[in-house]
Amino acid sequence: MSDVAVAVAGTASSERRRRFEDAVRAGGGRPSDPTGAEGLIWLGRAADLADAVASSPRLRWVQLPAAGVEAYLPAFPSGVEVTSAKGAFAVPVAEHALGLMLASLREIVRFGRRTTWTSPAGTNLVGRRVVVVGAGGVARALVGLLEPFRCEVTVVRNGGAAIAGTTTVGPEALRAACADAAVVVLALALTPATVGIVDAGVLGAMRPDAHLVNVARGRHVVTEDLVRALRDGAIAGAALDVTDPEPLPDGHPLWTMPNCIVTPHTADTPEMADPLLAERVRLNTARFVRGEALEGLVDPAKGY
């Protein structure tokens with residue numbers, strides 16, 4: 001048995017805890033109590049992470065359960081490597097984004113709410129221009145899913161190499177990139193610089209037949225500006241898996257707007273996500289035991 005102790009901690013059912021302890025064993029680690037652990041697989045709330053870290057004096061590595069880390073940043077311990085699940089859930093989230101794109105372009109929600117036969121409407125995705133804001137795992141997976149649709153894809157990212165088959169521009173070109181897009185997809189990390197990145201200015205730059213899809217974080221979008229744009233016909237539609245506020249309150253205008261689709265943050269359900277997270281735990285445990293670079297390493301300065 002390995003001498004590298006890795007604890008699985010945080011509020012979770014015994015069955016779920018066993019799943020991740022098995023992943024630790026499969027990676028060559030030894031499940032242990034947090035007090036003696038060198039690695040910590042955290043399954044609990046972000047608000048409780050600081051106490052868990054404080055009770056683990058030998059800690060050298062923390063694995064977070066989510067791709068977005070903004071809620072966990074205040075608890076990041078100095079001198080400890082922290083990994084997130086970024087990239088692990090990319091395929092199901094990208095698949096959801098594609099579904100939202102098609103549903104919004106085809107006006108599925110409006111037709112689905114009808115109780116009588118109506119005139120046809122909607123447009124197709126094939127050959128259209130798509131802007132993807134972000135260049136992480138979800139964005140890359142979505143670019144792959146779009147290949148059969150022969151879309152012209154522009155990626156807006158904060159530096160780095162271009163994704164094959166796309167055009168890459170910087171954040172300063174966001175409005176210009178959105179101005180000629182049929183669909184704008186948000187798939188980026190939430191940082192202070194990206195809060196409210198889609199505001200009245202960006203929405204006003206979009207075409208009146210364009211659609212906005214958000215599978216990232218609700219706070220990327222200024223909700224009041226989006227409601228106004230949808231009401232006024234500044235854009236044709238929006239499809240949101242995340243909102244601000246979240247959960248979206250009952251009675252909020254976005255629920256009943258005919259050109260808006262809202263799914264309750266279901267792009268990666270526990271049934272989809274847990275096996276993928278368990279594989280990330282297995283992989284990173286194996287790398288941790290061997291002293292290798294970890295997958296999904298978080299840069300606290302960047303916020304992702």
# chains A, B, ... in the order shown; residues from 1 in each chain; ligands from 1
$ select_by_dssp --residues "segment 39-208 of chain A" --states "strand (DSSP E)" --output "PyMOL selection string"
chain A and resi 39-42+61-63+81-83+129-133+152-156+167-169+183-186
$ write_last_selection --atoms "N, CA and C atoms" --output "mmCIF file, in the first residue's frame"
data_model
loop_
_atom_site.group_PDB
_atom_site.id
_atom_site.type_symbol
_atom_site.label_atom_id
_atom_site.label_comp_id
_atom_site.auth_asym_id
_atom_site.auth_seq_id
_atom_site.Cartn_x
_atom_site.Cartn_y
_atom_site.Cartn_z
ATOM 1 N N GLY A 39 -2.578 14.906 0.764
ATOM 2 C CA GLY A 39 -3.494 15.342 -0.282
ATOM 3 C C GLY A 39 -4.907 15.366 0.255
ATOM 4 N N LEU A 40 -5.730 16.287 -0.259
ATOM 5 C CA LEU A 40 -7.106 16.423 0.200
ATOM 6 C C LEU A 40 -8.038 16.514 -1.006
ATOM 7 N N ILE A 41 -8.947 15.558 -1.119
ATOM 8 C CA ILE A 41 -9.990 15.595 -2.141
ATOM 9 C C ILE A 41 -11.206 16.237 -1.482
ATOM 10 N N TRP A 42 -11.514 17.469 -1.875
ATOM 11 C CA TRP A 42 -12.554 18.233 -1.187
ATOM 12 C C TRP A 42 -13.882 18.109 -1.925
ATOM 13 N N TRP A 61 -1.362 19.203 -1.284
ATOM 14 C CA TRP A 61 -2.192 19.266 -2.489
ATOM 15 C C TRP A 61 -3.668 19.216 -2.117
ATOM 16 N N VAL A 62 -4.468 20.080 -2.768
ATOM 17 C CA VAL A 62 -5.921 20.063 -2.610
ATOM 18 C C VAL A 62 -6.562 19.927 -3.988
ATOM 19 N N GLN A 63 -7.478 18.964 -4.126
ATOM 20 C CA GLN A 63 -8.265 18.796 -5.343
ATOM 21 C C GLN A 63 -9.675 19.318 -5.093
ATOM 22 N N GLU A 81 -0.320 23.113 -3.505
ATOM 23 C CA GLU A 81 -0.830 23.089 -4.869
ATOM 24 C C GLU A 81 -2.336 22.816 -4.841
ATOM 25 N N VAL A 82 -3.068 23.567 -5.629
ATOM 26 C CA VAL A 82 -4.520 23.399 -5.707
ATOM 27 C C VAL A 82 -4.891 23.084 -7.155
ATOM 28 N N THR A 83 -5.658 22.038 -7.336
ATOM 29 C CA THR A 83 -6.147 21.680 -8.660
ATOM 30 C C THR A 83 -7.672 21.754 -8.665
ATOM 31 N N ARG A 129 -21.544 31.890 -38.367
ATOM 32 C CA ARG A 129 -20.393 32.388 -37.621
ATOM 33 C C ARG A 129 -20.699 32.313 -36.133
ATOM 34 N N VAL A 130 -19.811 31.668 -35.382
ATOM 35 C CA VAL A 130 -19.970 31.475 -33.946
ATOM 36 C C VAL A 130 -18.771 32.085 -33.230
ATOM 37 N N VAL A 131 -19.034 32.861 -32.203
ATOM 38 C CA VAL A 131 -17.982 33.400 -31.347
ATOM 39 C C VAL A 131 -18.014 32.652 -30.022
ATOM 40 N N VAL A 132 -16.889 32.102 -29.618
ATOM 41 C CA VAL A 132 -16.759 31.423 -28.335
ATOM 42 C C VAL A 132 -15.843 32.271 -27.460
ATOM 43 N N VAL A 133 -16.349 32.726 -26.343
ATOM 44 C CA VAL A 133 -15.564 33.543 -25.422
ATOM 45 C C VAL A 133 -14.993 32.620 -24.358
ATOM 46 N N GLU A 152 -17.937 28.945 -38.935
ATOM 47 C CA GLU A 152 -16.756 29.801 -38.878
ATOM 48 C C GLU A 152 -16.629 30.278 -37.428
ATOM 49 N N VAL A 153 -15.625 29.775 -36.728
ATOM 50 C CA VAL A 153 -15.533 29.991 -35.284
ATOM 51 C C VAL A 153 -14.418 30.987 -34.954
ATOM 52 N N THR A 154 -14.767 31.998 -34.172
ATOM 53 C CA THR A 154 -13.790 32.931 -33.611
ATOM 54 C C THR A 154 -13.745 32.727 -32.112
ATOM 55 N N VAL A 155 -12.548 32.577 -31.568
ATOM 56 C CA VAL A 155 -12.357 32.405 -30.132
ATOM 57 C C VAL A 155 -11.797 33.693 -29.547
ATOM 58 N N VAL A 156 -12.443 34.187 -28.510
ATOM 59 C CA VAL A 156 -11.952 35.358 -27.783
ATOM 60 C C VAL A 156 -11.272 34.849 -26.521
ATOM 61 N N THR A 167 -10.300 31.247 -35.569
ATOM 62 C CA THR A 167 -9.591 32.520 -35.525
ATOM 63 C C THR A 167 -9.564 32.976 -34.074
ATOM 64 N N THR A 168 -8.440 33.487 -33.607
ATOM 65 C CA THR A 168 -8.318 33.901 -32.213
ATOM 66 C C THR A 168 -8.091 35.403 -32.121
ATOM 67 N N VAL A 169 -8.834 36.043 -31.219
ATOM 68 C CA VAL A 169 -8.656 37.472 -30.956
ATOM 69 C C VAL A 169 -8.603 37.688 -29.450
ATOM 70 N N VAL A 183 -24.148 33.380 -33.290
ATOM 71 C CA VAL A 183 -24.228 32.902 -31.910
ATOM 72 C C VAL A 183 -22.969 33.316 -31.170
ATOM 73 N N VAL A 184 -23.149 33.810 -29.943
ATOM 74 C CA VAL A 184 -22.035 34.111 -29.048
ATOM 75 C C VAL A 184 -22.169 33.180 -27.838
ATOM 76 N N VAL A 185 -21.139 32.377 -27.588
ATOM 77 C CA VAL A 185 -21.162 31.407 -26.502
ATOM 78 C C VAL A 185 -20.156 31.817 -25.434
ATOM 79 N N LEU A 186 -20.602 31.885 -24.187
ATOM 80 C CA LEU A 186 -19.718 32.210 -23.074
ATOM 81 C C LEU A 186 -19.253 30.916 -22.420
#
$ residues_around --residues "Pro31 of chain A" --least-positions-apart "6" --cutoff "6 Å" --atoms "only C-alpha atoms" --output "JSON, numbers by chain"
{"A": [5, 6, 7, 21]}
$ write_last_selection --atoms "C-alpha atoms" --output "PDB file, in the first residue's frame"
ATOM      1  CA  ALA A   5      -2.032   9.658   2.487  1.00  0.00           C
ATOM      2  CA  VAL A   6      -4.903  11.330   0.636  1.00  0.00           C
ATOM      3  CA  ALA A   7      -8.106  12.267   2.454  1.00  0.00           C
ATOM      4  CA  GLU A  21     -11.686   6.783  -2.004  1.00  0.00           C
TER       5      GLU A  21
END
$ atom_distance --atom1 "atom CA of Ala229 of chain A" --atom2 "atom CA of Val213 of chain A"
14.0 Å
$ residues_around --residues "Arg282 of chain A" --least-positions-apart "3" --cutoff "10 Å" --atoms "only C-alpha atoms" --output "ChimeraX atom specification"
/A:20-29,276-279,285-288
$ write_last_selection --atoms "C-alpha atoms" --output "PDB file, in the first residue's frame"
ATOM      1  CA  PHE A  20     -13.576   8.885  -4.540  1.00  0.00           C
ATOM      2  CA  GLU A  21     -11.686   6.783  -2.004  1.00  0.00           C
ATOM      3  CA  ASP A  22     -11.638   4.026  -4.622  1.00  0.00           C
ATOM      4  CA  ALA A  23     -10.260   6.569  -7.105  1.00  0.00           C
ATOM      5  CA  VAL A  24      -7.512   7.468  -4.623  1.00  0.00           C
ATOM      6  CA  ARG A  25      -6.607   3.784  -4.250  1.00  0.00           C
ATOM      7  CA  ALA A  26      -6.664   3.302  -8.035  1.00  0.00           C
ATOM      8  CA  GLY A  27      -4.180   6.167  -8.303  1.00  0.00           C
ATOM      9  CA  GLY A  28      -1.827   4.544  -5.812  1.00  0.00           C
ATOM     10  CA  GLY A  29      -2.726   6.657  -2.780  1.00  0.00           C
ATOM     11  CA  LEU A 276     -15.393  12.363 -14.644  1.00  0.00           C
ATOM     12  CA  LEU A 277     -14.274  13.921 -11.360  1.00  0.00           C
ATOM     13  CA  ALA A 278     -13.353  10.468 -10.009  1.00  0.00           C
ATOM     14  CA  GLU A 279     -11.134   9.920 -13.049  1.00  0.00           C
ATOM     15  CA  THR A 285      -3.423  10.970  -7.183  1.00  0.00           C
ATOM     16  CA  ALA A 286      -1.167   8.907  -9.435  1.00  0.00           C
ATOM     17  CA  ARG A 287       0.760  12.017 -10.464  1.00  0.00           C
ATOM     18  CA  PHE A 288       0.979  13.225  -6.873  1.00  0.00           C
TER      19      PHE A 288
END
$ atom_distance --atom1 "atom CA of Ala164 of chain A" --atom2 "atom CA of Pro192 of chain A"
28.3 Å
$ atom_distance --atom1 "atom CA of Cys260 of chain A" --atom2 "atom CA of Ala66 of chain A"
26.5 Å
$ select_by_dssp --residues "segment 68-182 of chain A" --states "alpha helix (DSSP H)" --output "tab-separated table (two decimals) with N, CA and C atoms, in the first residue's frame"
chain	number	residue	atom	x	y	z
A	90	ALA	N	-15.68	19.03	-19.54
A	90	ALA	CA	-15.77	19.79	-20.79
A	90	ALA	C	-16.78	19.21	-21.77
A	91	VAL	N	-16.78	17.91	-21.96
A	91	VAL	CA	-17.64	17.31	-22.98
A	91	VAL	C	-19.12	17.46	-22.65
A	92	PRO	N	-19.60	17.12	-21.44
A	92	PRO	CA	-21.03	17.32	-21.17
A	92	PRO	C	-21.45	18.78	-21.22
A	93	VAL	N	-20.60	19.69	-20.77
A	93	VAL	CA	-20.97	21.11	-20.82
A	93	VAL	C	-21.01	21.60	-22.26
A	94	ALA	N	-20.04	21.19	-23.07
A	94	ALA	CA	-20.04	21.57	-24.48
A	94	ALA	C	-21.25	20.99	-25.20
A	95	GLU	N	-21.61	19.78	-24.86
A	95	GLU	CA	-22.80	19.15	-25.46
A	95	GLU	C	-24.05	19.95	-25.11
A	96	HIS	N	-24.14	20.40	-23.86
A	96	HIS	CA	-25.28	21.21	-23.43
A	96	HIS	C	-25.30	22.54	-24.19
A	97	ALA	N	-24.12	23.13	-24.33
A	97	ALA	CA	-24.04	24.39	-25.08
A	97	ALA	C	-24.54	24.22	-26.51
A	98	LEU	N	-24.15	23.12	-27.15
A	98	LEU	CA	-24.61	22.85	-28.51
A	98	LEU	C	-26.13	22.68	-28.54
A	99	GLY	N	-26.66	21.97	-27.55
A	99	GLY	CA	-28.11	21.80	-27.48
A	99	GLY	C	-28.83	23.13	-27.32
A	100	LEU	N	-28.28	24.01	-26.48
A	100	LEU	CA	-28.89	25.33	-26.28
A	100	LEU	C	-28.81	26.17	-27.55
A	101	MET	N	-27.68	26.07	-28.25
A	101	MET	CA	-27.54	26.81	-29.51
A	101	MET	C	-28.63	26.41	-30.50
A	102	LEU	N	-28.78	25.11	-30.69
A	102	LEU	CA	-29.76	24.62	-31.65
A	102	LEU	C	-31.18	24.96	-31.22
A	103	ALA	N	-31.47	24.81	-29.93
A	103	ALA	CA	-32.82	25.10	-29.43
A	103	ALA	C	-33.16	26.58	-29.58
A	104	SER	N	-32.17	27.45	-29.34
A	104	SER	CA	-32.43	28.88	-29.46
A	104	SER	C	-32.60	29.29	-30.92
A	105	LEU	N	-31.71	28.82	-31.79
A	105	LEU	CA	-31.82	29.15	-33.21
A	105	LEU	C	-33.12	28.63	-33.82
A	108	ILE	N	-37.17	26.56	-30.27
A	108	ILE	CA	-37.84	25.39	-29.70
A	108	ILE	C	-38.73	25.76	-28.52
A	109	VAL	N	-38.26	26.66	-27.65
A	109	VAL	CA	-39.04	26.99	-26.47
A	109	VAL	C	-40.34	27.69	-26.86
A	110	ARG	N	-40.27	28.62	-27.78
A	110	ARG	CA	-41.48	29.33	-28.19
A	110	ARG	C	-42.51	28.36	-28.76
A	111	PHE	N	-42.06	27.45	-29.61
A	111	PHE	CA	-42.99	26.48	-30.17
A	111	PHE	C	-43.48	25.50	-29.10
A	112	GLY	N	-42.60	25.13	-28.20
A	112	GLY	CA	-42.96	24.17	-27.16
A	112	GLY	C	-44.02	24.69	-26.21
A	113	ARG	N	-44.10	26.01	-26.07
A	113	ARG	CA	-45.09	26.60	-25.17
A	113	ARG	C	-46.43	26.84	-25.86
A	137	GLY	N	-11.26	23.97	-21.58
A	137	GLY	CA	-11.72	22.67	-22.04
A	137	GLY	C	-13.08	22.70	-22.69
A	138	VAL	N	-14.02	23.47	-22.13
A	138	VAL	CA	-15.37	23.52	-22.71
A	138	VAL	C	-15.31	24.13	-24.10
A	139	ALA	N	-14.58	25.24	-24.24
A	139	ALA	CA	-14.47	25.89	-25.54
A	139	ALA	C	-13.87	24.94	-26.57
A	140	ARG	N	-12.82	24.24	-26.19
A	140	ARG	CA	-12.17	23.33	-27.13
A	140	ARG	C	-13.08	22.17	-27.52
A	141	ALA	N	-13.81	21.63	-26.54
A	141	ALA	CA	-14.73	20.55	-26.84
A	141	ALA	C	-15.86	21.03	-27.74
A	142	LEU	N	-16.33	22.25	-27.51
A	142	LEU	CA	-17.41	22.80	-28.35
A	142	LEU	C	-16.93	23.03	-29.78
A	143	VAL	N	-15.72	23.51	-29.93
A	143	VAL	CA	-15.17	23.69	-31.28
A	143	VAL	C	-15.17	22.36	-32.02
A	144	GLY	N	-14.82	21.29	-31.34
A	144	GLY	CA	-14.85	19.97	-31.96
A	144	GLY	C	-16.25	19.54	-32.35
A	145	LEU	N	-17.23	19.81	-31.48
A	145	LEU	CA	-18.61	19.43	-31.77
A	145	LEU	C	-19.18	20.23	-32.95
A	146	LEU	N	-18.65	21.44	-33.16
A	146	LEU	CA	-19.15	22.30	-34.23
A	146	LEU	C	-18.58	21.94	-35.61
A	174	LEU	N	-13.68	41.96	-28.36
A	174	LEU	CA	-14.94	41.24	-28.11
A	174	LEU	C	-16.11	41.84	-28.88
A	175	ARG	N	-16.30	43.15	-28.78
A	175	ARG	CA	-17.45	43.77	-29.45
A	175	ARG	C	-17.38	43.59	-30.96
A	176	ALA	N	-16.21	43.80	-31.51
A	176	ALA	CA	-16.04	43.65	-32.96
A	176	ALA	C	-16.31	42.22	-33.40
A	177	ALA	N	-15.86	41.25	-32.59
A	177	ALA	CA	-16.07	39.85	-32.93
A	177	ALA	C	-17.55	39.49	-32.89
A	178	CYS	N	-18.26	40.04	-31.90
A	178	CYS	CA	-19.68	39.72	-31.73
A	178	CYS	C	-20.56	40.37	-32.79
$ closest_residue --among "A:Ala239, A:Ala67, A:Leu230, A:Ala162" --to "Leu188 of chain A" --atoms "only C-alpha atoms"
A:Ala67
$ residues_around --residues "Thr263 of chain A" --least-positions-apart "2" --cutoff "7 Å" --atoms "only C-alpha atoms" --output "PyMOL selection string"
chain A and resi 240-241+261+265-266
$ residues_around --residues "Ala54 of chain A" --least-positions-apart "2" --cutoff "12 Å" --atoms "only C-alpha atoms" --output "number ranges by chain"
A: 34-37, 40, 48-52, 56-59, 75-78, 80
